[in-house]
$ cat input_3.cif   # mmCIF, C-alpha atoms
data_query
loop_
_atom_site.label_atom_id
_atom_site.label_comp_id
_atom_site.auth_asym_id
_atom_site.auth_seq_id
_atom_site.Cartn_x
_atom_site.Cartn_y
_atom_site.Cartn_z
CA MET A 1 -9.82 41.99 29.45
CA THR A 2 -9.22 38.32 30.07
CA THR A 3 -9.01 37.33 33.70
CA GLU A 4 -5.85 35.61 34.82
CA ALA A 5 -6.35 31.90 35.28
CA ALA A 6 -4.48 29.50 37.55
CA PRO A 7 -1.25 28.05 36.16
CA PHE A 8 -1.01 24.50 34.92
CA ARG A 9 0.59 21.77 36.99
CA GLN A 10 4.01 20.51 36.09
CA ILE A 11 4.08 17.59 33.69
CA VAL A 12 3.99 14.17 35.36
CA ALA A 13 7.37 12.44 35.07
CA ASN A 14 7.71 9.90 32.23
CA SER A 15 4.20 10.59 30.94
CA GLN A 16 5.46 12.45 27.85
CA PRO A 17 7.90 11.37 25.13
CA ALA A 18 11.35 12.95 24.82
CA ASN A 19 11.90 14.96 21.67
CA ASP A 20 15.34 13.35 21.50
CA THR A 21 14.22 9.82 20.61
CA PRO A 22 16.96 8.24 18.45
CA SER A 23 14.81 5.30 17.30
CA TYR A 24 12.57 7.78 15.46
CA GLY A 25 14.81 9.01 12.66
CA SER A 26 13.06 12.30 11.94
CA THR A 27 13.96 13.51 15.43
CA HIS A 28 17.70 13.49 14.75
CA LEU A 29 17.98 16.94 13.21
CA ARG A 30 14.80 18.39 14.65
CA HIS A 31 15.04 17.98 18.41
CA PRO A 32 16.56 20.96 20.23
CA ALA A 33 19.94 20.12 21.78
CA ARG A 34 19.59 22.63 24.60
CA VAL A 35 17.51 22.28 27.73
CA PRO A 36 14.32 24.35 27.41
CA LEU A 37 14.01 27.53 29.44
CA ARG A 38 11.49 27.06 32.22
CA ILE A 39 9.39 30.22 32.20
CA PRO A 40 6.72 31.40 34.63
CA GLN A 41 3.16 30.92 33.45
CA THR A 42 1.66 34.30 32.71
CA ILE A 43 -1.63 35.17 31.10
CA THR A 44 -0.03 34.21 27.78
CA GLU A 45 0.35 30.61 28.93
CA THR A 46 -2.72 30.22 31.17
CA THR A 47 -5.29 31.48 28.67
CA GLY A 48 -5.90 30.23 25.16
CA PRO A 49 -8.03 30.52 22.06
CA ARG A 50 -11.72 29.75 22.03
CA PHE A 51 -13.35 28.09 19.04
CA THR A 52 -17.08 28.01 18.49
CA PRO A 53 -19.09 25.66 16.28
CA ALA A 54 -20.52 28.76 14.59
CA GLN A 55 -17.11 29.82 13.28
CA PHE A 56 -15.56 26.35 13.02
CA GLY A 57 -18.31 24.07 11.81
CA PRO A 58 -18.37 20.51 13.16
CA MET A 59 -17.52 17.65 10.77
CA PRO A 60 -18.56 14.64 12.88
CA ASP A 61 -18.82 11.97 10.18
CA LEU A 62 -15.66 11.15 8.23
CA SER A 63 -17.24 7.99 6.80
CA VAL A 64 -19.42 9.81 4.26
CA THR A 65 -18.31 12.25 1.55
CA ASN A 66 -20.90 13.93 -0.67
CA GLY A 67 -23.45 11.41 0.50
CA LYS A 68 -21.30 8.44 -0.48
CA GLN A 69 -19.91 5.92 1.96
CA ALA A 70 -16.19 5.38 2.33
CA GLN A 71 -14.67 1.94 1.99
CA GLY A 72 -13.71 0.18 5.19
CA GLU A 73 -14.88 -0.85 8.61
CA ARG A 74 -17.20 1.85 9.99
CA ILE A 75 -16.50 2.77 13.61
CA ILE A 76 -17.81 5.16 16.25
CA VAL A 77 -15.32 6.77 18.61
CA ARG A 78 -16.73 8.22 21.80
CA GLY A 79 -15.15 9.48 24.97
CA ARG A 80 -14.59 12.28 27.38
CA VAL A 81 -12.24 15.20 27.62
CA VAL A 82 -11.22 15.79 31.23
CA ASP A 83 -8.31 17.48 32.99
CA GLU A 84 -5.86 15.92 35.44
CA ASN A 85 -8.26 16.80 38.25
CA ASN A 86 -10.86 14.63 36.44
CA ARG A 87 -13.02 17.64 35.71
CA PRO A 88 -14.74 17.69 32.32
CA VAL A 89 -13.43 20.10 29.70
CA PRO A 90 -16.61 21.27 27.97
CA HIS A 91 -17.05 22.87 24.55
CA THR A 92 -13.49 22.28 23.44
CA MET A 93 -12.58 21.70 19.81
CA ILE A 94 -11.10 18.37 18.69
CA GLU A 95 -9.49 18.16 15.26
CA ILE A 96 -9.24 14.70 13.67
CA TRP A 97 -7.29 13.31 10.72
CA GLN A 98 -6.34 9.86 9.50
CA ALA A 99 -5.46 7.54 6.63
CA ASN A 100 -8.12 5.67 4.66
CA ALA A 101 -8.94 1.99 5.13
CA GLY A 102 -6.08 1.05 2.81
CA GLY A 103 -3.55 2.99 4.83
CA ARG A 104 -3.22 6.02 2.57
CA TYR A 105 -3.72 9.70 3.32
CA ASP A 106 -5.55 12.00 0.95
CA HIS A 107 -2.38 14.10 0.85
CA PRO A 108 0.04 14.83 -1.99
CA GLY A 109 2.96 13.83 0.22
CA ASP A 110 1.69 10.28 0.67
CA GLN A 111 2.97 8.08 -2.15
CA HIS A 112 2.22 4.71 -0.55
CA ASP A 113 1.01 2.34 -3.28
CA ALA A 114 -2.43 1.79 -1.78
CA PRO A 115 -5.71 2.85 -3.38
CA MET A 116 -7.21 6.27 -2.79
CA ASP A 117 -10.86 6.33 -1.81
CA PRO A 118 -12.81 9.15 -3.51
CA ASN A 119 -15.36 8.94 -0.71
CA PHE A 120 -12.87 9.39 2.09
CA HIS A 121 -11.02 12.60 2.79
CA GLY A 122 -9.92 11.92 6.36
CA GLY A 123 -10.36 15.27 8.12
CA GLY A 124 -12.92 15.95 10.86
CA ARG A 125 -13.79 18.26 13.72
CA VAL A 126 -16.04 17.89 16.76
CA PHE A 127 -16.64 19.72 20.03
CA SER A 128 -17.00 18.24 23.51
CA ASP A 129 -20.42 18.83 25.07
CA ALA A 130 -21.23 20.48 28.41
CA ASP A 131 -20.02 17.38 30.29
CA GLY A 132 -16.89 16.86 28.18
CA TRP A 133 -18.28 14.08 25.98
CA TYR A 134 -17.47 13.89 22.28
CA GLN A 135 -18.29 11.42 19.51
CA PHE A 136 -17.61 10.97 15.82
CA THR A 137 -18.01 8.37 13.10
CA THR A 138 -15.27 7.25 10.73
CA ILE A 139 -13.73 4.13 9.22
CA LYS A 140 -10.89 2.23 10.82
CA PRO A 141 -7.65 3.52 9.28
CA GLY A 142 -5.24 1.07 7.71
CA ALA A 143 -1.63 0.47 8.68
CA TYR A 144 0.99 1.82 6.29
CA PRO A 145 4.73 1.55 5.68
CA TRP A 146 7.16 4.34 6.43
CA ARG A 147 10.87 4.53 5.91
CA ASN A 148 12.03 4.94 9.49
CA HIS A 149 13.80 1.57 9.51
CA PRO A 150 13.70 -1.58 7.35
CA ASN A 151 10.15 -2.92 7.01
CA ALA A 152 8.72 -0.21 9.26
CA TRP A 153 4.92 0.04 9.50
CA ARG A 154 2.84 2.48 11.48
CA PRO A 155 0.12 0.83 13.55
CA ASN A 156 -3.48 1.80 12.81
CA HIS A 157 -3.98 5.25 14.31
CA ILE A 158 -6.08 8.39 14.30
CA HIS A 159 -4.51 11.83 14.85
CA TYR A 160 -6.06 14.38 17.21
CA SER A 161 -5.47 18.00 18.10
CA LEU A 162 -7.05 19.59 21.18
CA PHE A 163 -6.84 23.13 22.51
CA GLY A 164 -8.38 22.96 26.00
CA THR A 165 -8.74 26.18 27.96
CA GLY A 166 -5.18 27.52 27.85
CA PHE A 167 -2.05 27.64 25.72
CA GLY A 168 -0.35 25.32 28.23
CA GLN A 169 -3.04 22.66 27.69
CA ARG A 170 -2.64 22.31 23.94
CA ILE A 171 -2.01 18.74 22.81
CA VAL A 172 -1.55 16.86 19.56
CA THR A 173 -1.62 13.09 19.89
CA GLN A 174 -2.52 9.79 18.22
CA MET A 175 -5.01 7.10 19.21
CA TYR A 176 -4.23 3.44 18.58
CA PHE A 177 -6.35 0.28 18.46
CA PRO A 178 -6.34 -2.65 20.89
CA GLY A 179 -4.47 -5.80 19.92
CA ASP A 180 -2.40 -4.21 17.17
CA PRO A 181 0.84 -6.25 16.79
CA LEU A 182 2.61 -3.23 15.28
CA LEU A 183 2.46 -1.29 18.54
CA ALA A 184 5.33 -3.30 20.00
CA LEU A 185 7.48 -2.22 17.03
CA ASP A 186 6.49 1.44 16.69
CA PRO A 187 9.11 3.97 17.82
CA ILE A 188 6.57 6.80 18.02
CA PHE A 189 4.27 4.89 20.37
CA LEU A 190 7.22 3.45 22.31
CA ALA A 191 8.70 6.93 22.79
CA VAL A 192 6.34 7.43 25.75
CA PRO A 193 8.49 6.17 28.66
CA ASP A 194 5.78 5.12 31.12
CA PRO A 195 4.01 1.96 29.85
CA ALA A 196 0.79 2.99 31.60
CA ALA A 197 0.84 6.39 29.90
CA ARG A 198 1.55 4.65 26.60
CA ASP A 199 -1.34 2.25 27.02
CA ARG A 200 -3.71 5.14 27.60
CA LEU A 201 -3.15 5.99 23.91
CA ILE A 202 -4.95 2.75 22.99
CA ALA A 203 -8.71 2.95 22.57
CA ALA A 204 -10.89 0.29 24.20
CA PHE A 205 -13.46 -1.68 22.23
CA ASP A 206 -16.85 -0.88 23.78
CA ILE A 207 -19.97 -2.91 23.06
CA ASP A 208 -22.14 -0.16 24.55
CA ILE A 209 -20.84 2.36 22.01
CA THR A 210 -21.20 -0.21 19.23
CA ALA A 211 -24.32 0.55 17.17
CA PRO A 212 -26.26 -2.64 16.28
CA GLU A 213 -26.21 -3.48 12.57
CA TRP A 214 -24.16 -0.36 11.95
CA ALA A 215 -20.70 0.25 13.47
CA LEU A 216 -18.22 -0.99 16.06
CA GLY A 217 -17.63 1.36 18.98
CA TYR A 218 -14.43 2.45 20.66
CA ARG A 219 -13.93 4.45 23.85
CA PHE A 220 -11.10 6.97 24.06
CA ASP A 221 -10.68 9.62 26.75
CA PHE A 222 -8.38 12.62 26.65
CA VAL A 223 -6.73 14.03 29.77
CA LEU A 224 -5.49 17.61 29.52
CA ARG A 225 -3.09 19.22 31.98
CA GLY A 226 -4.82 20.27 35.19
CA ARG A 227 -4.54 23.61 36.88
CA ASP A 228 -3.12 24.17 40.34
CA ALA A 229 -5.77 24.65 42.98
CA THR A 230 -4.40 28.07 43.83
CA PRO A 231 -2.42 30.44 41.65
CA THR A 232 1.27 30.56 42.51
CA GLU A 233 3.82 33.25 41.86
CA GLN A 234 6.49 30.92 40.55
CA ALA A 235 6.30 28.31 37.83
CA MET B 1 -4.71 12.64 40.10
CA LEU B 2 -4.60 11.69 36.44
CA ALA B 3 -1.64 12.34 34.15
CA ALA B 4 -2.17 14.22 30.91
CA THR B 5 -2.48 12.20 27.70
CA ALA B 6 0.89 11.65 26.04
CA SER B 7 1.81 13.85 23.11
CA GLN B 8 2.60 12.29 19.73
CA THR B 9 3.98 13.87 16.58
CA ILE B 10 1.66 15.80 14.29
CA GLY B 11 3.32 13.90 11.43
CA PRO B 12 3.68 14.94 7.79
CA TYR B 13 -0.02 14.78 6.85
CA TRP B 14 -1.60 17.26 9.27
CA HIS B 15 -2.57 19.45 6.29
CA LEU B 16 -5.79 17.41 6.15
CA ILE B 17 -7.02 19.78 8.89
CA GLU B 18 -5.36 22.86 7.45
CA ASP B 19 -7.36 25.97 6.63
CA ASP B 20 -5.00 28.51 5.15
CA THR B 21 -7.25 31.42 6.13
CA TRP B 22 -6.19 30.80 9.73
CA ALA B 23 -2.90 32.55 9.03
CA ASP B 24 -4.78 35.85 8.79
CA LEU B 25 -5.99 36.83 12.26
CA THR B 26 -7.71 39.91 10.85
CA ARG B 27 -10.03 37.87 8.61
CA PHE B 28 -13.07 38.40 10.82
CA GLY B 29 -12.74 42.17 10.52
CA ALA B 30 -10.49 43.15 13.43
CA GLU B 31 -8.89 46.55 12.98
CA GLY B 32 -5.78 48.06 14.50
CA GLU B 33 -2.06 48.15 13.78
CA THR B 34 -1.79 45.33 11.27
CA VAL B 35 1.54 43.53 11.12
CA VAL B 36 2.91 40.76 8.94
CA LEU B 37 5.06 38.17 10.71
CA THR B 38 7.31 35.97 8.63
CA GLY B 39 10.04 33.46 9.30
CA THR B 40 11.87 30.43 8.01
CA VAL B 41 12.33 27.21 9.96
CA TYR B 42 15.65 25.31 9.79
CA ASP B 43 16.72 21.95 11.17
CA GLY B 44 20.05 21.09 12.77
CA ALA B 45 21.74 20.67 9.38
CA GLY B 46 20.50 24.06 8.19
CA SER B 47 17.94 22.40 5.90
CA LEU B 48 14.50 23.88 5.44
CA VAL B 49 11.66 22.41 7.48
CA THR B 50 8.86 22.30 4.94
CA ASP B 51 6.14 20.31 6.71
CA ALA B 52 5.71 22.13 10.04
CA ALA B 53 2.60 23.67 11.55
CA ILE B 54 3.34 27.01 13.20
CA GLU B 55 0.77 28.33 15.65
CA ILE B 56 0.63 31.73 17.27
CA TRP B 57 -1.36 32.97 20.28
CA GLN B 58 -1.44 36.42 21.76
CA THR B 59 -3.26 37.98 24.71
CA SER B 60 -2.94 41.53 23.38
CA PRO B 61 -5.15 42.67 21.76
CA ALA B 62 -7.53 40.41 23.66
CA ALA B 63 -9.40 37.72 21.74
CA SER B 64 -12.90 38.71 20.66
CA ASP B 65 -15.61 37.69 18.21
CA ILE B 66 -13.69 39.45 15.44
CA PHE B 67 -10.15 38.69 16.62
CA PRO B 68 -9.30 35.02 17.30
CA ALA B 69 -5.86 35.94 18.71
CA PHE B 70 -4.78 32.53 17.39
CA GLY B 71 -3.40 31.54 14.02
CA ARG B 72 -1.93 28.55 12.27
CA CYS B 73 0.26 28.47 9.18
CA ARG B 74 2.17 25.76 7.37
CA THR B 75 5.79 26.16 6.46
CA ASP B 76 5.93 26.05 2.67
CA SER B 77 8.46 24.53 0.27
CA ASN B 78 10.86 27.32 1.28
CA GLY B 79 10.42 26.54 4.97
CA ALA B 80 8.61 29.84 5.36
CA PHE B 81 5.53 30.91 7.32
CA ARG B 82 3.58 34.16 7.14
CA PHE B 83 0.92 35.56 9.47
CA THR B 84 -1.13 38.72 9.36
CA THR B 85 -2.22 39.91 12.79
CA LEU B 86 -2.53 42.94 15.05
CA LYS B 87 0.56 44.17 16.86
CA PRO B 88 0.37 43.34 20.56
CA GLY B 89 0.91 45.91 23.29
CA PRO B 90 2.44 45.31 26.72
CA VAL B 91 1.08 42.29 28.59
CA ALA B 92 0.57 41.92 32.35
CA GLY B 93 3.15 39.69 34.00
CA LEU B 94 3.18 38.06 37.40
CA GLY B 95 2.71 40.37 40.35
CA ASN B 96 3.36 43.92 39.24
CA ALA B 97 5.66 42.92 36.39
CA GLN B 98 4.96 44.05 32.86
CA GLN B 99 5.90 41.97 29.84
CA ALA B 100 7.10 43.42 26.57
CA PRO B 101 4.78 42.96 23.58
CA HIS B 102 5.12 39.34 22.50
CA ILE B 103 3.43 36.48 20.71
CA ALA B 104 3.55 32.86 21.85
CA ILE B 105 4.59 30.32 19.21
CA SER B 106 4.08 26.56 19.06
CA ILE B 107 5.88 24.45 16.47
CA PHE B 108 4.55 21.06 15.46
CA ALA B 109 6.20 18.82 12.88
CA ARG B 110 7.17 15.35 11.84
CA GLY B 111 10.07 14.46 14.11
CA LEU B 112 8.77 16.50 17.01
CA LEU B 113 7.11 14.25 19.58
CA ASN B 114 6.10 17.31 21.61
CA ALA B 115 5.34 20.79 20.38
CA LEU B 116 8.20 23.26 20.73
CA ILE B 117 7.20 26.45 22.47
CA THR B 118 8.86 29.82 22.06
CA ARG B 119 8.02 33.52 21.91
CA LEU B 120 8.36 36.28 19.36
CA TYR B 121 9.34 39.74 20.58
CA PHE B 122 9.67 42.91 18.52
CA GLN B 123 12.93 44.72 17.84
CA ASP B 124 13.35 48.17 19.44
CA GLU B 125 10.59 47.80 22.05
CA PRO B 126 11.79 49.62 25.19
CA LEU B 127 10.12 47.05 27.43
CA ASN B 128 12.35 44.31 25.99
CA GLU B 129 15.06 45.53 28.39
CA THR B 130 13.00 44.64 31.45
CA ASP B 131 10.87 41.78 30.12
CA PRO B 132 10.83 38.98 32.74
CA VAL B 133 11.35 36.19 30.18
CA LEU B 134 14.02 37.92 28.08
CA SER B 135 15.79 38.84 31.31
CA MET B 136 16.15 35.15 32.16
CA ILE B 137 18.44 34.73 29.13
CA GLU B 138 21.89 36.04 29.95
CA ASP B 139 23.55 35.42 26.60
CA GLU B 140 22.79 38.31 24.26
CA ALA B 141 23.02 36.09 21.15
CA ARG B 142 20.58 33.61 22.66
CA ARG B 143 18.17 36.40 23.54
CA ARG B 144 18.27 37.62 19.95
CA THR B 145 16.80 34.32 18.75
CA LEU B 146 13.46 35.56 20.14
CA ILE B 147 13.48 39.09 18.74
CA ALA B 148 11.92 39.67 15.34
CA THR B 149 13.58 42.24 13.13
CA ARG B 150 11.70 44.82 11.11
CA THR B 151 12.00 44.09 7.41
CA ALA B 152 9.65 46.78 6.15
CA SER B 153 7.01 49.06 7.60
CA GLY B 154 4.62 46.77 9.48
CA ALA B 155 6.60 43.64 8.59
CA TRP B 156 8.68 41.58 11.01
CA ASN B 157 10.76 38.45 10.55
CA LEU B 158 11.93 35.81 13.01
CA ASP B 159 13.68 32.68 11.78
CA ILE B 160 13.49 29.55 13.90
CA ARG B 161 16.38 27.09 14.27
CA LEU B 162 15.34 23.82 15.81
CA GLN B 163 18.85 22.63 16.65
CA GLY B 164 22.53 23.56 16.51
CA ASP B 165 24.34 26.87 16.26
CA ASN B 166 22.00 29.72 16.99
CA GLU B 167 19.33 27.30 18.19
CA THR B 168 16.16 29.18 19.11
CA VAL B 169 15.45 29.47 22.82
CA PHE B 170 12.62 27.04 23.43
CA MET B 171 10.55 27.10 26.59
CA GLU B 172 8.91 24.79 29.04
CA ILE B 173 5.77 25.97 30.77
#
$ encode --input "input_3.cif" --output "C-alpha cells"
Amino acid sequence: MTTEAAPFRQIVANSQPANDTPSYGSTHLRHPARVPLRIPQTITETTGPRFTPAQFGPMPDLSVTNGKQAQGERIIVRGRVVDENNRPVPHTMIEIWQANAGGRYDHPGDQHDAPMDPNFHGGGRVFSDADGWYQFTTIKPGAYPWRNHPNAWRPNHIHYSLFGTGFGQRIVTQMYFPGDPLLALDPIFLAVPDPAARDRLIAAFDIDITAPEWALGYRFDFVLRGRDATPTEQA
Amino acid sequence: MLAATASQTIGPYWHLIEDDTWADLTRFGAEGETVVLTGTVYDGAGSLVTDAAIEIWQTSPAASDIFPAFGRCRTDSNGAFRFTTLKPGPVAGLGNAQQAPHIAISIFARGLLNALITRLYFQDEPLNETDPVLSMIEDEARRRTLIATRTASGAWNLDIRLQGDNETVFMEI
C-alpha cells in the first residue's frame, strides 16, 4: 500500500504556457476549448511511477554510438533537479532527445534536407543522484526549419522528460542555449508568459563544467512542483 | 519559493525515447485481471492525432517490482493507442471518500504546450455513481467522455477528443 503524500502546490501564475497559443499553429485544433476541471489531488495525483536504473538502463553519452564519435560540438550538460521548496529530487529519471549537429532528427518524420549522422541517434536517459545532480554528454544540436510560419526556424534545443515523485510533478520541456538569436522569434519559447520563467529554460555556459581539451559545459537546473507543507483536504 | 520549470511541447520526434514494450504493464510478470485499453485521439476538426504520446498511471493495483503501474504508448497512423494492464479496483479518496476504479491519463503531443490530463473510468462500475470526480461533472454527456465502454471480454475503449463537440473532460491538478 502506498502512503498518501502531500498534494502539490498550485501552479505559479504566468510560469507555464497556455495551450491556446495562436502563434504556434499546431495548437489551433489541439488545444481544449473548455476550461479544465479542477480536481482534488488524491493518491492518484500525489504518487507516481518509480524507475530504477536496473530496469531502465542509463544512456549518459549521446555523443558516441557503437564506439564512434558523432559529428558536432561535444558538450556536457550538468545540473540539479530540485522542487519549488529548493529540495533536491534524488534518483529521478530524466529522458533526453534531440536533433543532430546538422539540425536533423533520426526520425522518419523528419525530412529536413540536412545530413544524417550514422554515429548519432539522439536519445538518452540519466538519473539524478542522491543530491539531485545529473550529468550527460552529447553534441550541441543544430537549428532546423519548421513550417509554422514563413522562414520559421527552431532555436537549438534539447528535449527533456522528467517524472519526479508524483503524477502531478511530471514535466516535459526543452532547454535552449544562451545567445541564440532565434529565441526572440520562437513561438514555443515565447509561449511562456513570464520572461523570467522563459529565461530559466536557457542553459548557462559554465567554465567549471567545461572539461579541458574535451567539451564545453552547460548548467541547467530543473524545478519540479513543490508539495504543500501540510496535506489539505481541498485542492 | 521557486516556480516550476515551464513546460514545452513534446514535439513530433519524441519517439526517439519510445520503447513500445512500455504499453504492456504486465511485461514484468504481474498477474491479475488483465485488461486491454484502447482508444483513438481526435483533434478539433475530427482528424486523427497520429503523433501523440499517451501515458497511463494507476494506484490500484499498487506499483511493485513486477508491476510498473505506468505505461506509455504512441498513437499510430490510425490515431489509436493500446495498453495491456491490470484492472484497477476502488481507490481511496480524500477523507473517507472512495473513488471508483480509474486510470490517470496524460496526453503529450505536438501542439500541446502542456500535457493534457484526464481519467479513464470503466462502464458499469457501481462506484461510478458516487465517484468524487465524476460527481463534479453535472452534464451526463460530458461525464461519458471519461467512461470507457466494454468492447469485448477484458477489452475497453475510450476515445479522446482534444477539442470541439464532445470534447473530453480535461483536468487541472
$ resolve_selection --input "input_3.cif" --expression "the PyMOL selection byres ((chain B) within 6 of (chain A))" --output "list of chain:residue names"
B:Met1, B:Leu2, B:Ala3, B:Ala4, B:Thr5, B:Ala6, B:Ser7, B:Gln8, B:Leu16, B:Ile17, B:Asp43, B:Gly44, B:Thr59, B:Gly93, B:Gly111, B:Leu112, B:Leu113, B:Leu162, B:Gln163, B:Phe170, B:Met171, B:Glu172, B:Ile173
$ resolve_selection --input "input_3.cif" --expression "the PyMOL selection byres ((chain A and resi 62-77) around 10)" --output "ChimeraX atom specification"
/A:59-61,78-79,96-98,100-102,116-125,134-142,203-206,209-211,214-221
$ closest_residue --input "input_3.cif" --among "B:Phe67, B:Phe122, B:Tyr42, B:Trp14" --to "B:Phe81" --atoms "all atoms listed in the file"
B:Tyr42
$ residues_around --input "input_3.cif" --residues "stretch 130-133 of chain A" --least-positions-apart "4" --cutoff "6 Å" --atoms "only C-alpha atoms" --output "PyMOL selection string"
chain A and resi 79-81+88-90
$ resolve_selection --input "input_3.cif" --expression "the PyMOL selection byres ((chain A and resi 156) around 9)" --output "list in words"
Ala99, Gly103, Lys140, Pro141, Gly142, Ala143, Tyr144, Arg154, Pro155, His157, Ile158, Met175, Tyr176, Phe177, Asp180, Leu182 and Leu183 of chain A
$ atom_distance --input "input_3.cif" --atom1 "atom CA of B:Asn157" --atom2 "atom CA of B:Thr40"
8.5 Å
$ residues_near_point --input "input_3.cif" --point "(-2.0, 42.6, 14.5)" --cutoff "6 Å" --atoms "only C-alpha atoms" --output "JSON, numbers by chain"
{"B": [33, 34, 35, 85, 86, 87]}
$ residues_around --input "input_3.cif" --residues "B:Gly89" --least-positions-apart "4" --cutoff "10 Å" --atoms "all atoms listed in the file" --output "list in words"
Gln58, Thr59, Ser60, Pro61, Gln99, Ala100, Pro101, His102 and Glu125 of chain B
